[in-house]
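Colleague: Quick one: structure below, then a few questions.
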Amino acid sequence: MRSLAERGVQYLKADFTSVTQAEAARVRHDRRMVAGWGTEATRAGFRSFLEEMKVAAPDALVLNTSGPELPGTGACSLLYACYDTGNTGLVSWREMRSNYGASLAGHLFKQGCWGIIQPSSLCVGLPVTLEEARARATATFMCGGQADVGDDLTMLPKDRWQVLLATLPPLGVAARPVDLFDAVSISTVAYEALFTDNQSDSGERPTGEVSHVWHLAVATDWDEWDLVALFNYDGPPPTEEAGEFITRFELPLERLGLDPVQTYWSYELWAGHFLGEVPTLWENPHGYRHPGDTKTLIATRQPGSLDVAFFGPAVKLIAFRKMRPHPWPVGTSFHQSAGAELSDVVWDDGVLRGVLKRSSAKQRRSAGSQPSSPTSPVRFTTICWG
């Protein structure tokens with residue numbers, strides 16, 4: 001370990017450390033080391049190689065991958081938070097539901113407290129669909145931990161570069177899983193139910209064991225806003241006879257950290273879609289209902305709550321900002337944060353001004369087809385606003 005550190009190694013993935021708990025290892029001469037499934041043996045192992053490595057590299061990052069978490073707590077700075085995700089496109093959304101909605105969501109509180117969360121590798125390339133790539137990227141970004149890029153960048157399609165670059169860098173702050181222990185209403189609604197008052201064919205989904213709704217408060221030197229990620233891991237019914245079903249999230253504003261008496265501008269990041277003002281109570285003349293009502297993505301059917309309906313499997317990442325009496329940024333296409341890459345934003349004498357911290361066109365040309373580091377400031381005098 002010391003030799004690796006002296007040669008410049010700053011990152012170590014301690015994989016398969018669970019072998020210290022294998023049944024064959026329980027015949028050690030010192031029985032105190034095998035009590036509790038070999039936890040003390042694991043702790044001793046971490047302590048041994050970490051002490052050696054940090055002699056030469058005190059700032060080295062060590063990832064506790066497959067061993068028990070508690071023996072590595074306080075020793076390992078990076079905490080593996082879910083199962084392997086390098087199998088892009090080759091697993092079902094149901095497995096992603098368990099991986100992100102249950103495992104990763106249950107680890108979010110540890111970010112910046114127990115260590116830095118590592119949600120396995122971020123893979124957005126083929127053969128995964130674009131929608132799954134966005135879901136993987138959203139979960140990685142919203143956990144605020146280490147983004148471990150797992151793709152072959154020489155084979156990454158252009159639309160996946162956009163997904164990857166919008167994820168980097170993470171904010172270092174974890175989202176809150178809104179419904180991990182206190183479920184929100186998530187239901188599947190049949191086509192016919194969208195234009196009738198009879199919702200009897202709607203199916204309420206159990207959500208207590210899996211979090212579908214994550215909330216993250218973002219603060220910069222020029223504004224504060226809220227990000228809400230909605231993960232719909234379920235697709236349409238498998239049989240044609242079952243018809244088409246759309247998934248509806250009923251979200252109380254207070255559960256999202258939003259003020260029920262405040263009016264917000266809303267913006268969906270992945271589609272670049274300005275959604276207008278919310279909440280906005282509206283009704284068609286004479287109570288008329290139509291499936292086309294879902295085209296707004298967000299509806300306000302009752303005070304203090306939002307209805308968000310879309311087909312899955314898919315993810316939606318929505319930014320909510322307080323309305324202003326003048327033009328103001330609602331989001332960008334550069335970063336999932338919806339504006340953390342902006343600074344010094346002001347509305348001054350009828351002009352919206354600020355600085356965008358991304359790579360310039362000159363840097364991109366000099367780097368050829370490979371995007372450069374998004375650090376150079378570019379001043380702007382106009383941008384998408386509400």
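Residues are named by chain letter and number: chains run A, B, ... in the order of the structure tokens, numbers start at 1 in each chain, and ligands are numbered from 1 in the order shown.
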Output as a PyMOL selection string all residues of range 129-331 of chain A that backbone DSSP marks as alpha helix (DSSP H).
Modeller: chain A and resi 130-143+158-167
Colleague: At a cut-off of 10 Å, can you tabulate as JSON lines every residue of range 213-330 of chain A near range 126-133 of chain A together with its closest atom pair and the distance in Å to one decimal, using only C-alpha atoms and ordering rows by chain then number?
Modeller:
```
{"residue": "A:Tyr233", "atom": "CA", "partner": "A:Glu132", "partner_atom": "CA", "distance": 9.6}
{"residue": "A:Trp270", "atom": "CA", "partner": "A:Glu131", "partner_atom": "CA", "distance": 9.4}
{"residue": "A:Gly312", "atom": "CA", "partner": "A:Glu131", "partner_atom": "CA", "distance": 9.3}
{"residue": "A:Pro313", "atom": "CA", "partner": "A:Glu131", "partner_atom": "CA", "distance": 7.8}
{"residue": "A:Ala314", "atom": "CA", "partner": "A:Glu131", "partner_atom": "CA", "distance": 5.8}
{"residue": "A:Val315", "atom": "CA", "partner": "A:Glu131", "partner_atom": "CA", "distance": 7.2}
{"residue": "A:Lys316", "atom": "CA", "partner": "A:Glu131", "partner_atom": "CA", "distance": 9.8}
```
Colleague: Which residues are close to Gly145 in chain A, i.e. within 6 Å by only C-alpha atoms, leaving aside same-chain residues fewer than 2 positions away? Reply as number ranges by chain.
Modeller: A: 116-118, 143, 172
Colleague: Between range 60-132 of chain A and range 151-158 of chain A, at 8 Å or less, what are the per-residue closest atom pairs and their distances in Å? Count only C-alpha atoms, order by chain and rising residue number, and return it as a tab-separated table.
Modeller:
```
residue	atom	partner	partner_atom	distance
A:Leu122	CA	A:Asp151	CA	7.5
A:Cys123	CA	A:Asp151	CA	5.4
A:Val124	CA	A:Asp151	CA	6.9
A:Gly125	CA	A:Leu156	CA	5.6
A:Leu126	CA	A:Leu156	CA	7.6
```
Colleague: Could the residues in this selection be written to a file with C-alpha atoms, as a CSV table (one decimal), in the first residue's frame?
Modeller:
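Result saved to result-v3.csv:
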```csv
chain,number,residue,atom,x,y,z
A,122,LEU,CA,-22.2,5.9,-14.1
A,123,CYS,CA,-22.8,4.3,-17.6
A,124,VAL,CA,-24.9,6.1,-20.1
A,125,GLY,CA,-23.6,4.6,-23.4
A,126,LEU,CA,-25.1,1.9,-25.6
```
Colleague: Got a sec: who's within 9 Å of Leu281 in chain A, counting only C-alpha atoms, leaving out chain neighbours fewer than 6 positions off, as a ChimeraX atom specification?
Modeller: /A:299-303
Colleague: Measuring between only C-alpha atoms, which one of A:Thr85, A:Trp214, A:Pro58, A:Leu356 shows the shortest distance to Gly150 in chain A?
Modeller: A:Thr85
Colleague: What lies within 9 Å of Thr140 in chain A using only C-alpha atoms, ignoring chain neighbours under 3 positions off, as a list in words?
Modeller: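 My list of contacting residues is Gln118, Pro119, Ser120, Ser121, Leu122, Ala135, Arg136, Ala137, Cys143, Gly144, Gly145, Gln146, Ala147, Thr167 and Pro170 of chain A.
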Colleague: Restricted to C-alpha atoms, what would the selected residues look like written as a CSV table (one decimal), in the first residue's frame?
Modeller:
```csv
chain,number,residue,atom,x,y,z
A,118,GLN,CA,-20.3,6.2,-4.5
A,119,PRO,CA,-23.3,4.9,-6.5
A,120,SER,CA,-21.2,2.4,-8.5
A,121,SER,CA,-20.2,3.4,-12.0
A,122,LEU,CA,-22.2,5.9,-14.1
A,135,ALA,CA,-32.4,7.9,-15.0
A,136,ARG,CA,-28.9,6.6,-14.2
A,137,ALA,CA,-27.4,10.1,-14.5
A,143,CYS,CA,-26.9,11.6,-4.5
A,144,GLY,CA,-24.1,14.2,-4.6
A,145,GLY,CA,-21.3,11.8,-4.2
A,146,GLN,CA,-18.5,10.5,-6.4
A,147,ALA,CA,-19.3,10.3,-10.1
A,167,THR,CA,-24.1,15.3,-14.5
A,170,PRO,CA,-21.8,16.7,-8.7
```
Colleague: Between CA of Gly257 in chain A and CA of Leu230 in chain A, what distance in Å does the model show, to one decimal?
Modeller: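 Atom-to-atom, CA of Gly257 in chain A to CA of Leu230 in chain A, that is 14.6 Å.
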Colleague: Tell me which of A:His215, A:Lys13, A:Arg324, A:Arg160 sits closest to Leu63 in chain A, counting only C-alpha atoms.
Modeller: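 Of A:His215, A:Lys13, A:Arg324, A:Arg160, the one nearest Leu63 in chain A is A:Lys13, counting only C-alpha atoms.
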Colleague: Using only C-alpha atoms, which residues sit within 7 Å of Ala57 in chain A once same-chain residues fewer than 3 positions away are excluded, as a PyMOL selection string?
Modeller: chain A and resi 5+10+53-54+60
Colleague: CA of Ser3 in chain A to CA of Val62 in chain A: how many Å, to one decimal?
Modeller: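 Distance reported for this atom pair: 15.3 Å.
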Colleague: Give the strand (DSSP E) residues of range 127-315 of chain A, as assigned by DSSP on the backbone, as a ChimeraX atom specification.
Modeller: /A:148-149,176-177,185-190,203-204,213-219,224-232,245-252,264-268,273-278,298-299,305-310,314-315
Colleague: Find, counting only C-alpha atoms, the residue in A:Lys322, A:His212, A:His286, A:Arg47 that gets nearest to Asp226 in chain A.
Modeller: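 Using only C-alpha atoms, the shortest distance to Asp226 in chain A belongs to A:Lys322.
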